[in-house]
file start20.pdb (PDB, C-alpha atoms)
ATOM      1  CA  MET A   1      41.785  14.753 -44.082
ATOM      2  CA  ILE A   2      38.991  14.595 -41.498
ATOM      3  CA  ARG A   3      35.889  12.850 -42.683
ATOM      4  CA  ARG A   4      32.655  14.348 -41.439
ATOM      5  CA  PRO A   5      29.905  11.971 -40.373
ATOM      6  CA  LYS A   6      27.267  11.501 -42.993
ATOM      7  CA  PRO A   7      23.847  13.045 -42.198
ATOM      8  CA  LYS A   8      22.248   9.606 -41.887
ATOM      9  CA  ARG A   9      24.826   8.551 -39.294
ATOM     10  CA  ILE A  10      24.315  11.781 -37.356
ATOM     11  CA  PHE A  11      20.567  11.174 -37.362
ATOM     12  CA  LEU A  12      21.014   7.614 -36.131
ATOM     13  CA  LEU A  13      23.399   8.785 -33.400
ATOM     14  CA  ILE A  14      20.980  11.470 -32.203
ATOM     15  CA  ALA A  15      18.089   9.023 -32.323
ATOM     16  CA  GLY A  16      20.099   6.471 -30.317
ATOM     17  CA  LEU A  17      21.022   9.034 -27.675
ATOM     18  CA  ALA A  18      17.407  10.158 -27.438
ATOM     19  CA  ILE A  19      16.228   6.597 -26.951
ATOM     20  CA  LEU A  20      18.898   6.025 -24.298
ATOM     21  CA  ALA A  21      17.875   9.212 -22.484
ATOM     22  CA  PHE A  22      14.223   8.157 -22.633
ATOM     23  CA  VAL A  23      15.048   4.743 -21.188
ATOM     24  CA  VAL A  24      17.078   6.254 -18.326
ATOM     25  CA  ILE A  25      14.333   8.784 -17.526
ATOM     26  CA  SER A  26      11.697   6.060 -17.692
ATOM     27  CA  LEU A  27      13.640   3.868 -15.283
ATOM     28  CA  THR A  28      14.332   6.721 -12.861
ATOM     29  CA  ARG A  29      11.604   6.970 -10.246
ATOM     30  CA  CYS A  30      11.231   9.753  -7.698
ATOM     31  CA  GLN A  31      10.121   8.286  -4.387
ATOM     32  CA  ALA A  32       8.275  10.549  -1.960
ATOM     33  CA  THR A  33       6.601  10.136   1.396
ATOM     34  CA  ARG A  34       3.244  11.784   2.041
ATOM     35  CA  VAL A  35       2.803  13.051   5.571
ATOM     36  CA  GLU A  36      -0.012  15.171   6.923
ATOM     37  CA  LEU A  37       1.073  18.711   7.734
ATOM     38  CA  SER A  38       0.085  18.178  11.361
ATOM     39  CA  ASP A  39       2.444  15.169  11.585
ATOM     40  CA  GLN A  40       5.487  16.818  10.044
ATOM     41  CA  LEU A  41       8.533  17.423  12.200
ATOM     42  CA  ALA A  42       9.169  21.083  13.005
ATOM     43  CA  SER A  43      12.901  20.400  13.003
ATOM     44  CA  TYR A  44      15.126  17.406  12.430
ATOM     45  CA  SER A  45      14.724  14.581  14.943
ATOM     46  CA  ASP A  46      15.686  10.920  14.845
ATOM     47  CA  GLN A  47      12.967  10.028  17.366
ATOM     48  CA  PRO A  48      10.546   8.554  14.775
ATOM     49  CA  LEU A  49      13.364   6.343  13.470
ATOM     50  CA  ARG A  50      14.198   5.322  17.026
ATOM     51  CA  VAL A  51      10.611   4.108  17.417
ATOM     52  CA  VAL A  52      10.920   2.040  14.238
ATOM     53  CA  LEU A  53      14.257   0.458  15.078
ATOM     54  CA  THR A  54      13.642  -0.323  18.744
ATOM     55  CA  ARG A  55      10.278  -1.911  17.951
ATOM     56  CA  HIS A  56      11.150  -3.927  14.877
ATOM     57  CA  VAL A  57      14.867  -4.770  14.835
ATOM     58  CA  SER A  58      16.332  -7.604  16.871
ATOM     59  CA  GLU A  59      19.815  -9.101  16.519
ATOM     60  CA  GLY A  60      20.261  -7.220  13.273
ATOM     61  CA  LEU A  61      17.132  -8.609  11.587
ATOM     62  CA  VAL A  62      13.854  -6.847  10.809
ATOM     63  CA  ASP A  63      10.245  -7.678  11.639
ATOM     64  CA  TYR A  64       8.851  -6.312   8.381
ATOM     65  CA  GLU A  65       5.315  -7.482   9.073
ATOM     66  CA  GLY A  66       5.172  -5.561  12.350
ATOM     67  CA  LEU A  67       6.929  -2.603  10.766
ATOM     68  CA  GLY A  68       4.365  -2.419   7.971
ATOM     69  CA  LYS A  69       1.387  -2.676  10.310
ATOM     70  CA  GLN A  70       2.571  -0.612  13.266
ATOM     71  CA  SER A  71       5.306   1.788  12.282
ATOM     72  CA  ARG A  72       4.994   2.788   8.647
ATOM     73  CA  LYS A  73       3.757   6.199   9.788
ATOM     74  CA  PRO A  74       6.767   6.950  12.053
ATOM     75  CA  LEU A  75       9.058   5.790   9.244
ATOM     76  CA  ASP A  76       7.374   8.138   6.775
ATOM     77  CA  ILE A  77       7.490  11.007   9.268
ATOM     78  CA  TYR A  78      11.215  10.451   9.646
ATOM     79  CA  LEU A  79      11.825  10.274   5.884
ATOM     80  CA  ASP A  80       9.776  13.441   5.400
ATOM     81  CA  GLY A  81      12.104  15.090   7.914
ATOM     82  CA  VAL A  82      15.143  13.774   6.045
ATOM     83  CA  ALA A  83      13.733  15.280   2.863
ATOM     84  CA  ARG A  84      13.407  18.760   4.408
ATOM     85  CA  PHE A  85      16.308  18.947   6.870
ATOM     86  CA  GLY A  86      19.981  18.034   6.723
ATOM     87  CA  PRO A  87      23.583  19.257   6.873
ATOM     88  CA  HIS A  88      23.062  21.562   3.881
ATOM     89  CA  SER A  89      19.560  22.858   4.684
ATOM     90  CA  THR A  90      19.978  23.179   8.451
ATOM     91  CA  PRO A  91      23.735  23.129   9.146
ATOM     92  CA  GLU A  92      23.312  24.401  12.701
ATOM     93  CA  VAL A  93      21.742  21.063  13.661
ATOM     94  CA  PHE A  94      24.795  19.126  12.421
ATOM     95  CA  PRO A  95      27.855  21.017  13.707
ATOM     96  CA  ALA A  96      30.276  18.065  13.793
ATOM     97  CA  ALA A  97      31.343  15.688  11.035
ATOM     98  CA  THR A  98      30.055  12.787  13.147
ATOM     99  CA  ASP A  99      26.622  14.457  13.307
ATOM    100  CA  ARG A 100      26.551  14.712   9.536
ATOM    101  CA  LEU A 101      27.742  11.169   8.926
ATOM    102  CA  ALA A 102      25.198   9.800  11.419
ATOM    103  CA  TYR A 103      22.464  11.659   9.505
ATOM    104  CA  TYR A 104      23.440  10.112   6.170
ATOM    105  CA  LEU A 105      23.790   6.590   7.600
ATOM    106  CA  ASN A 106      20.354   6.855   9.180
ATOM    107  CA  ALA A 107      18.851   8.228   5.978
ATOM    108  CA  TYR A 108      20.274   5.367   3.902
ATOM    109  CA  ASN A 109      19.004   2.658   6.228
ATOM    110  CA  ALA A 110      15.573   4.258   6.654
ATOM    111  CA  ILE A 111      15.165   4.509   2.885
ATOM    112  CA  MET A 112      16.019   0.825   2.527
ATOM    113  CA  LEU A 113      13.392  -0.117   5.136
ATOM    114  CA  ARG A 114      10.796   1.901   3.283
ATOM    115  CA  LYS A 115      11.819   0.354  -0.048
ATOM    116  CA  TRP A 116      11.406  -3.159   1.332
ATOM    117  CA  LEU A 117       7.925  -2.250   2.599
ATOM    118  CA  ASP A 118       7.006  -0.798  -0.787
ATOM    119  CA  ASP A 119       8.127  -4.075  -2.330
ATOM    120  CA  GLY A 120       5.704  -5.988  -0.129
ATOM    121  CA  ALA A 121       8.062  -7.329   2.503
ATOM    122  CA  GLY A 122       5.566  -6.583   5.278
ATOM    123  CA  GLU A 123       2.667  -8.332   3.560
ATOM    124  CA  ASP A 124       3.923 -11.841   2.844
ATOM    125  CA  LYS A 125       6.456 -14.478   3.852
ATOM    126  CA  ILE A 126       8.037 -14.839   0.428
ATOM    127  CA  THR A 127      11.818 -15.012   0.427
ATOM    128  CA  ARG A 128      12.624 -11.829  -1.404
ATOM    129  CA  THR A 129      15.957 -10.593  -2.706
ATOM    130  CA  VAL A 130      17.413  -7.126  -3.151
ATOM    131  CA  ASN A 131      16.530  -5.517  -6.456
ATOM    132  CA  LYS A 132      19.755  -3.880  -7.645
ATOM    133  CA  ALA A 133      17.740  -1.242  -9.551
ATOM    134  CA  TRP A 134      16.767   0.272  -6.175
ATOM    135  CA  PHE A 135      20.287   1.619  -5.757
ATOM    136  CA  PHE A 136      20.473   3.414  -9.097
ATOM    137  CA  PHE A 137      17.035   4.310 -10.463
ATOM    138  CA  ASP A 138      14.990   5.213  -7.365
ATOM    139  CA  LEU A 139      15.537   8.818  -6.321
ATOM    140  CA  TRP A 140      14.813   9.938  -2.766
ATOM    141  CA  ARG A 141      14.704  13.437  -1.386
ATOM    142  CA  VAL A 142      17.534  13.885   1.101
ATOM    143  CA  ASP A 143      18.406  17.287   2.553
ATOM    144  CA  GLY A 144      16.398  19.098  -0.107
ATOM    145  CA  ARG A 145      17.653  17.300  -3.207
ATOM    146  CA  TRP A 146      16.844  14.149  -5.129
ATOM    147  CA  ILE A 147      19.521  11.468  -4.911
ATOM    148  CA  SER A 148      19.869   7.720  -5.441
ATOM    149  CA  LEU A 149      21.159   5.374  -2.767
ATOM    150  CA  ASP A 150      24.216   4.673  -4.881
ATOM    151  CA  LYS A 151      25.004   8.392  -5.168
ATOM    152  CA  LEU A 152      24.381   8.859  -1.453
ATOM    153  CA  GLU A 153      27.021   6.252  -0.682
ATOM    154  CA  GLN A 154      29.494   6.887  -3.490
ATOM    155  CA  THR A 155      29.463  10.705  -3.662
ATOM    156  CA  ILE A 156      28.725  11.690  -0.057
ATOM    157  CA  ILE A 157      29.316   9.023   2.571
ATOM    158  CA  ARG A 158      32.513   7.437   1.233
ATOM    159  CA  PRO A 159      34.439  10.408  -0.208
ATOM    160  CA  ARG A 160      33.439  13.064   2.315
ATOM    161  CA  TYR A 161      33.869  11.137   5.536
ATOM    162  CA  LYS A 162      36.448   8.502   4.567
ATOM    163  CA  ASP A 163      35.485   6.239   7.463
ATOM    164  CA  SER A 164      35.746   2.570   6.503
ATOM    165  CA  ARG A 165      33.478   1.734   9.425
ATOM    166  CA  SER A 166      30.590   3.148   7.406
ATOM    167  CA  HIS A 167      30.545  -0.242   5.692
ATOM    168  CA  PHE A 168      29.583  -1.747   9.063
ATOM    169  CA  ALA A 169      26.577   0.573   9.176
ATOM    170  CA  LEU A 170      25.066   0.692   5.676
ATOM    171  CA  VAL A 171      22.420  -2.021   5.460
ATOM    172  CA  CYS A 172      20.652  -2.722   2.175
ATOM    173  CA  GLY A 173      18.413  -5.326   3.775
ATOM    174  CA  ALA A 174      20.271  -8.425   2.574
ATOM    175  CA  MET A 175      21.256 -11.316   4.814
ATOM    176  CA  SER A 176      24.934 -10.796   4.012
ATOM    177  CA  CYS A 177      24.764  -7.154   5.052
ATOM    178  CA  PRO A 178      26.129  -6.163   8.449
ATOM    179  CA  PRO A 179      23.553  -6.378  11.259
ATOM    180  CA  LEU A 180      21.110  -3.474  11.402
ATOM    181  CA  LEU A 181      21.517  -1.450  14.587
ATOM    182  CA  ASP A 182      18.422  -1.303  16.803
ATOM    183  CA  GLU A 183      18.823   2.435  17.409
ATOM    184  CA  PRO A 184      19.651   5.456  15.236
ATOM    185  CA  PHE A 185      23.226   6.569  14.786
ATOM    186  CA  VAL A 186      24.014   9.603  16.928
ATOM    187  CA  GLY A 187      26.928  11.929  16.295
ATOM    188  CA  SER A 188      28.087  12.083  19.902
ATOM    189  CA  ARG A 189      28.172   8.280  20.113
ATOM    190  CA  LEU A 190      29.029   7.392  16.530
ATOM    191  CA  ASP A 191      32.538   6.066  17.206
ATOM    192  CA  GLU A 192      31.236   3.710  19.887
ATOM    193  CA  GLN A 193      28.316   2.579  17.728
ATOM    194  CA  LEU A 194      30.451   1.847  14.666
ATOM    195  CA  ASP A 195      33.069  -0.012  16.698
ATOM    196  CA  ARG A 196      30.328  -2.057  18.352
ATOM    197  CA  LEU A 197      28.933  -3.013  14.955
ATOM    198  CA  GLY A 198      32.397  -4.005  13.742
ATOM    199  CA  ARG A 199      32.868  -6.353  16.684
ATOM    200  CA  GLN A 200      29.347  -7.748  16.331
ATOM    201  CA  TRP A 201      29.637  -8.380  12.604
ATOM    202  CA  LEU A 202      32.978 -10.168  12.860
ATOM    203  CA  THR A 203      31.630 -12.505  15.538
ATOM    204  CA  GLU A 204      29.016 -13.698  13.027
ATOM    205  CA  PRO A 205      29.752 -16.110  10.161
ATOM    206  CA  ASP A 206      28.432 -13.576   7.641
ATOM    207  CA  GLY A 207      31.319 -11.299   8.600
ATOM    208  CA  LEU A 208      34.101 -13.801   9.346
ATOM    209  CA  ASP A 209      34.121 -17.562   8.997
ATOM    210  CA  VAL A 210      37.134 -19.658   9.983
ATOM    211  CA  ARG A 211      36.391 -23.157   8.750
ATOM    212  CA  ALA A 212      37.479 -26.534  10.043
ATOM    213  CA  ASP A 213      39.912 -27.018   7.149
ATOM    214  CA  GLY A 214      41.696 -23.776   8.083
ATOM    215  CA  ALA A 215      40.240 -21.686   5.260
ATOM    216  CA  VAL A 216      39.342 -18.146   6.322
ATOM    217  CA  TYR A 217      36.471 -16.308   4.665
ATOM    218  CA  MET A 218      35.311 -12.732   5.115
ATOM    219  CA  SER A 219      32.353 -10.806   3.738
ATOM    220  CA  SER A 220      32.644  -9.728   0.106
ATOM    221  CA  ILE A 221      32.250  -6.148   1.323
ATOM    222  CA  PHE A 222      35.883  -6.286   2.473
ATOM    223  CA  SER A 223      36.858  -7.184  -1.093
ATOM    224  CA  TRP A 224      34.578  -4.711  -2.893
ATOM    225  CA  TYR A 225      35.829  -1.791  -0.788
ATOM    226  CA  GLU A 226      39.328  -3.017  -0.022
ATOM    227  CA  GLU A 227      40.867   0.413  -0.634
ATOM    228  CA  ASP A 228      38.651   1.960   2.045
ATOM    229  CA  PHE A 229      40.255  -0.249   4.701
ATOM    230  CA  ILE A 230      43.849   0.659   3.874
ATOM    231  CA  ASP A 231      43.917   3.409   6.503
ATOM    232  CA  ALA A 232      42.642   0.889   9.055
ATOM    233  CA  GLY A 233      45.666  -1.337   8.373
ATOM    234  CA  GLY A 234      43.931  -3.502   5.782
ATOM    235  CA  LEU A 235      42.186  -6.720   6.725
ATOM    236  CA  ALA A 236      44.806  -7.550   9.353
ATOM    237  CA  GLY A 237      44.202  -4.168  10.978
ATOM    238  CA  VAL A 238      40.436  -4.677  10.993
ATOM    239  CA  LEU A 239      40.762  -8.146  12.525
ATOM    240  CA  THR A 240      43.256  -6.946  15.135
ATOM    241  CA  ARG A 241      40.930  -4.168  16.203
ATOM    242  CA  TYR A 242      37.649  -6.044  16.312
ATOM    243  CA  LEU A 243      38.453  -9.620  17.285
ATOM    244  CA  ASP A 244      38.761 -10.185  21.032
ATOM    245  CA  GLU A 245      42.102 -11.451  22.319
ATOM    246  CA  ASP A 246      40.447 -14.669  23.519
ATOM    247  CA  ASP A 247      38.545 -15.289  20.257
ATOM    248  CA  PRO A 248      39.644 -18.807  19.140
ATOM    249  CA  ARG A 249      39.536 -17.687  15.494
ATOM    250  CA  ARG A 250      41.872 -14.744  15.995
ATOM    251  CA  GLU A 251      45.244 -16.392  15.312
ATOM    252  CA  ALA A 252      44.101 -18.239  12.194
ATOM    253  CA  ALA A 253      42.298 -15.181  10.821
ATOM    254  CA  LEU A 254      45.258 -12.851  11.393
ATOM    255  CA  SER A 255      47.694 -15.302   9.834
ATOM    256  CA  ALA A 256      45.499 -15.646   6.761
ATOM    257  CA  ALA A 257      45.191 -11.859   6.453
ATOM    258  CA  ARG A 258      48.940 -11.269   6.761
ATOM    259  CA  GLU A 259      49.728 -14.019   4.267
ATOM    260  CA  GLY A 260      47.084 -12.918   1.761
ATOM    261  CA  ARG A 261      45.023 -16.091   2.160
ATOM    262  CA  ILE A 262      41.687 -14.470   2.976
ATOM    263  CA  GLN A 263      38.875 -15.675   0.729
ATOM    264  CA  PHE A 264      35.549 -13.922   0.258
ATOM    265  CA  MET A 265      32.073 -15.353   0.590
ATOM    266  CA  ASP A 266      29.316 -15.357  -1.986
ATOM    267  CA  TYR A 267      26.846 -12.603  -1.114
ATOM    268  CA  ASP A 268      23.386 -13.639   0.051
ATOM    269  CA  TRP A 269      21.014 -10.991  -1.302
ATOM    270  CA  SER A 270      17.893 -12.467   0.310
ATOM    271  CA  ILE A 271      15.906 -10.323   2.732
ATOM    272  CA  ASN A 272      17.149  -9.826   6.313
ATOM    273  CA  ARG A 273      13.767 -10.807   7.717
ATOM    274  CA  GLN A 274      13.324 -12.207  11.203
ATOM    275  CA  SER A 275      12.425 -15.885  11.289
ATOM    276  CA  PRO A 276       8.974 -16.859  12.581
ATOM    277  CA  GLY A 277       9.025 -16.807  16.346
ATOM    278  CA  ASP A 278      11.760 -14.187  16.599
ATOM    279  CA  GLU A 279      10.804 -11.282  18.782
ATOM    280  CA  ALA A 280      11.767  -7.687  18.213
ATOM    281  CA  ASN A 281      12.697  -5.402  21.042
ATOM    282  CA  PRO A 282       9.848  -4.436  23.369
TER     283      PRO A 282
END

call {"tool": "encode", "arguments": {"input": "start20.pdb", "output": "structure tokens"}}
result
Amino acid sequence: MIRRPKPKRIFLLIAGLAILAFVVISLTRCQATRVELSDQLASYSDQPLRVVLTRHVSEGLVDYEGLGKQSRKPLDIYLDGVARFGPHSTPEVFPAATDRLAYYLNAYNAIMLRKWLDDGAGEDKITRTVNKAWFFFDLWRVDGRWISLDKLEQTIIRPRYKDSRSHFALVCGAMSCPPLLDEPFVGSRLDEQLDRLGRQWLTEPDGLDVRADGAVYMSSIFSWYEEDFIDAGGLAGVLTRYLDEDDPRREAALSAAREGRIQFMDYDWSINRQSPGDEANP
């Protein structure tokens, strides 16, 4: 005999679901850029983002103060273009899969720069950390639809393009993230750009650290997304591809990977801000 829920229980269930829905809606925030009509791009272009990155990114770190004072407008112009154009809205502009992936990688990183500015990163020298809510509750307009950063990565970038090197390119603005490229990703050069980032990241201790006691540590990203690197030959395949033959860490790192001795670092979520005295690109 099936027992039907009592009316009081049904009421409490409905009330609980309504409260949950209200909380989710309240936490969800649609983020929009406001650009004068005269400043809007007539068609998609990464040129405004190129201005931002070449001016304010050096050795993977960001001059947020300069970005906030000098280049907020180009950043907003670019994000306004991302909102109106894209592989779905204007497919003729993105004929190749590399063109489309480059678009989404650029959009993700540009949104993160804007989010850091909105959080005050360009106005003070406080050591800030990533707010995890940014990934889930802030919605941004990308290619004509509202989407969170988490959805952008988990439902578009990872499953559609299945390129583990995307993890070398997605930068949430934390110190343990891969280095931010000082130019936009471009479809015709995407393979070269992603490979260059892989080599650069693994030369830095945030990507790979072989310690004096022989312990080998890699970024937690390689643990979080381990399945994405299977097609690349796993960690041993990644290290073989991106560590130079004459890198003194190569033998120890490869041995640790093949023997399953790789350990993973704690993630530093503090802001990837340039230190005082660092200079961005001219």

call {"tool": "residues_around", "arguments": {"input": "start20.pdb", "residues": "segment 42-46 of chain A", "least_positions_apart": "5", "cutoff": "7 Å", "atoms": "all atoms listed in the file", "output": "PyMOL selection string"}}
result
chain A and resi 78+81+85+184

call {"tool": "residues_around", "arguments": {"input": "start20.pdb", "residues": "Trp269 of chain A", "least_positions_apart": "6", "cutoff": "6 Å", "atoms": "only C-alpha atoms", "output": "MDAnalysis selection string"}}
result
chainID A and resid 129:130 174

call {"tool": "write_last_selection", "arguments": {"input": "start20.pdb", "atoms": "C-alpha atoms", "output": "short mmCIF file (atom, residue, chain, number, x, y, z; two decimals), keeping the file's coordinate frame"}}
result
data_model
loop_
_atom_site.label_atom_id
_atom_site.label_comp_id
_atom_site.auth_asym_id
_atom_site.auth_seq_id
_atom_site.Cartn_x
_atom_site.Cartn_y
_atom_site.Cartn_z
CA THR A 129 15.96 -10.59 -2.71
CA VAL A 130 17.41 -7.13 -3.15
CA ALA A 174 20.27 -8.43 2.57
#

call {"tool": "resolve_selection", "arguments": {"input": "start20.pdb", "expression": "the PyMOL selection byres ((chain A and resi 217) around 10)", "output": "list in words"}}
result
Pro205, Asp206, Gly207, Leu208, Asp209, Val210, Arg211, Gly214, Ala215, Val216, Met218, Ser219, Ser220, Ala253, Ala256, Ala257, Arg261, Ile262, Gln263, Phe264, Met265 and Asp266 of chain A

call {"tool": "write_last_selection", "arguments": {"input": "start20.pdb", "atoms": "C-alpha atoms", "output": "tab-separated table (two decimals), in the coordinates of the input"}}
result
chain	number	residue	atom	x	y	z
A	205	PRO	CA	29.75	-16.11	10.16
A	206	ASP	CA	28.43	-13.58	7.64
A	207	GLY	CA	31.32	-11.30	8.60
A	208	LEU	CA	34.10	-13.80	9.35
A	209	ASP	CA	34.12	-17.56	9.00
A	210	VAL	CA	37.13	-19.66	9.98
A	211	ARG	CA	36.39	-23.16	8.75
A	214	GLY	CA	41.70	-23.78	8.08
A	215	ALA	CA	40.24	-21.69	5.26
A	216	VAL	CA	39.34	-18.15	6.32
A	218	MET	CA	35.31	-12.73	5.12
A	219	SER	CA	32.35	-10.81	3.74
A	220	SER	CA	32.64	-9.73	0.11
A	253	ALA	CA	42.30	-15.18	10.82
A	256	ALA	CA	45.50	-15.65	6.76
A	257	ALA	CA	45.19	-11.86	6.45
A	261	ARG	CA	45.02	-16.09	2.16
A	262	ILE	CA	41.69	-14.47	2.98
A	263	GLN	CA	38.88	-15.68	0.73
A	264	PHE	CA	35.55	-13.92	0.26
A	265	MET	CA	32.07	-15.35	0.59
A	266	ASP	CA	29.32	-15.36	-1.99

call {"tool": "residues_around", "arguments": {"input": "start20.pdb", "residues": "Arg72 of chain A", "least_positions_apart": "5", "cutoff": "12 Å", "atoms": "all atoms listed in the file", "output": "ChimeraX atom specification"}}
result
/A:33-35,48-49,51-53,55-56,64-67,77-79,110-111,113-118,122

call {"tool": "write_last_selection", "arguments": {"input": "start20.pdb", "atoms": "C-alpha atoms", "output": "PDB file, in the coordinates of the input"}}
result
ATOM      1  CA  THR A  33       6.601  10.136   1.396  1.00  0.00           C
ATOM      2  CA  ARG A  34       3.244  11.784   2.041  1.00  0.00           C
ATOM      3  CA  VAL A  35       2.803  13.051   5.571  1.00  0.00           C
ATOM      4  CA  PRO A  48      10.546   8.554  14.775  1.00  0.00           C
ATOM      5  CA  LEU A  49      13.364   6.343  13.470  1.00  0.00           C
ATOM      6  CA  VAL A  51      10.611   4.108  17.417  1.00  0.00           C
ATOM      7  CA  VAL A  52      10.920   2.040  14.238  1.00  0.00           C
ATOM      8  CA  LEU A  53      14.257   0.458  15.078  1.00  0.00           C
ATOM      9  CA  ARG A  55      10.278  -1.911  17.951  1.00  0.00           C
ATOM     10  CA  HIS A  56      11.150  -3.927  14.877  1.00  0.00           C
ATOM     11  CA  TYR A  64       8.851  -6.312   8.381  1.00  0.00           C
ATOM     12  CA  GLU A  65       5.315  -7.482   9.073  1.00  0.00           C
ATOM     13  CA  GLY A  66       5.172  -5.561  12.350  1.00  0.00           C
ATOM     14  CA  LEU A  67       6.929  -2.603  10.766  1.00  0.00           C
ATOM     15  CA  ILE A  77       7.490  11.007   9.268  1.00  0.00           C
ATOM     16  CA  TYR A  78      11.215  10.451   9.646  1.00  0.00           C
ATOM     17  CA  LEU A  79      11.825  10.274   5.884  1.00  0.00           C
ATOM     18  CA  ALA A 110      15.573   4.258   6.654  1.00  0.00           C
ATOM     19  CA  ILE A 111      15.165   4.509   2.885  1.00  0.00           C
ATOM     20  CA  LEU A 113      13.392  -0.117   5.136  1.00  0.00           C
ATOM     21  CA  ARG A 114      10.796   1.901   3.283  1.00  0.00           C
ATOM     22  CA  LYS A 115      11.819   0.354  -0.048  1.00  0.00           C
ATOM     23  CA  TRP A 116      11.406  -3.159   1.332  1.00  0.00           C
ATOM     24  CA  LEU A 117       7.925  -2.250   2.599  1.00  0.00           C
ATOM     25  CA  ASP A 118       7.006  -0.798  -0.787  1.00  0.00           C
ATOM     26  CA  GLY A 122       5.566  -6.583   5.278  1.00  0.00           C
TER      27      GLY A 122
END

call {"tool": "closest_residue", "arguments": {"input": "start20.pdb", "among": "A:Tyr108, A:Val62, A:Ala83, A:Arg258", "to": "Ile156 of chain A", "atoms": "only C-alpha atoms"}}
result
A:Tyr108

call {"tool": "residues_near_point", "arguments": {"input": "start20.pdb", "point": "(27.4, -3.5, 7.0)", "cutoff": "6 Å", "atoms": "all atoms listed in the file", "output": "list in words"}}
result
His167, Phe168, Ala169, Leu170, Val171, Cys177 and Pro178 of chain A

call {"tool": "atom_distance", "arguments": {"input": "start20.pdb", "atom1": "atom CA of Thr240 of chain A", "atom2": "atom CA of Leu202 of chain A"}}
result
11.0 Å

call {"tool": "atom_distance", "arguments": {"input": "start20.pdb", "atom1": "atom CA of Glu204 of chain A", "atom2": "atom CA of Gly60 of chain A"}}
result
10.9 Å

call {"tool": "decode", "arguments": {"input": "start20.pdb", "residues": "segment 209-221 of chain A", "atoms": "N, CA and C atoms", "output": "PDB file, in the first residue's frame"}}
result
ATOM      1  N   ASP A 209      57.122  21.325  -9.469  1.00  0.00           N
ATOM      2  CA  ASP A 209      58.154  21.603  -8.471  1.00  0.00           C
ATOM      3  C   ASP A 209      58.818  20.280  -8.069  1.00  0.00           C
ATOM      4  N   VAL A 210      60.077  20.135  -8.467  1.00  0.00           N
ATOM      5  CA  VAL A 210      60.862  18.967  -8.056  1.00  0.00           C
ATOM      6  C   VAL A 210      61.748  19.407  -6.901  1.00  0.00           C
ATOM      7  N   ARG A 211      61.508  18.866  -5.734  1.00  0.00           N
ATOM      8  CA  ARG A 211      62.144  19.370  -4.519  1.00  0.00           C
ATOM      9  C   ARG A 211      63.438  18.627  -4.212  1.00  0.00           C
ATOM     10  N   ALA A 212      64.208  19.212  -3.321  1.00  0.00           N
ATOM     11  CA  ALA A 212      65.534  18.677  -3.008  1.00  0.00           C
ATOM     12  C   ALA A 212      65.475  17.257  -2.460  1.00  0.00           C
ATOM     13  N   ASP A 213      64.376  16.912  -1.786  1.00  0.00           N
ATOM     14  CA  ASP A 213      64.259  15.565  -1.215  1.00  0.00           C
ATOM     15  C   ASP A 213      63.761  14.542  -2.238  1.00  0.00           C
ATOM     16  N   GLY A 214      63.578  14.991  -3.498  1.00  0.00           N
ATOM     17  CA  GLY A 214      63.140  14.080  -4.548  1.00  0.00           C
ATOM     18  C   GLY A 214      61.640  14.047  -4.768  1.00  0.00           C
ATOM     19  N   ALA A 215      60.876  14.683  -3.889  1.00  0.00           N
ATOM     20  CA  ALA A 215      59.426  14.727  -4.053  1.00  0.00           C
ATOM     21  C   ALA A 215      59.066  15.591  -5.263  1.00  0.00           C
ATOM     22  N   VAL A 216      58.082  15.146  -6.019  1.00  0.00           N
ATOM     23  CA  VAL A 216      57.663  15.861  -7.227  1.00  0.00           C
ATOM     24  C   VAL A 216      56.211  16.308  -7.049  1.00  0.00           C
ATOM     25  N   TYR A 217      56.003  17.599  -7.193  1.00  0.00           N
ATOM     26  CA  TYR A 217      54.673  18.182  -7.044  1.00  0.00           C
ATOM     27  C   TYR A 217      54.250  18.849  -8.349  1.00  0.00           C
ATOM     28  N   MET A 218      52.964  18.704  -8.674  1.00  0.00           N
ATOM     29  CA  MET A 218      52.392  19.406  -9.807  1.00  0.00           C
ATOM     30  C   MET A 218      51.165  20.187  -9.340  1.00  0.00           C
ATOM     31  N   SER A 219      50.713  21.099 -10.183  1.00  0.00           N
ATOM     32  CA  SER A 219      49.527  21.885  -9.853  1.00  0.00           C
ATOM     33  C   SER A 219      48.335  20.981  -9.592  1.00  0.00           C
ATOM     34  N   SER A 220      47.469  21.395  -8.684  1.00  0.00           N
ATOM     35  CA  SER A 220      46.252  20.637  -8.386  1.00  0.00           C
ATOM     36  C   SER A 220      45.346  20.510  -9.601  1.00  0.00           C
ATOM     37  N   ILE A 221      45.500  21.398 -10.568  1.00  0.00           N
ATOM     38  CA  ILE A 221      44.675  21.326 -11.776  1.00  0.00           C
ATOM     39  C   ILE A 221      44.850  19.972 -12.461  1.00  0.00           C
TER      40      ILE A 221
END
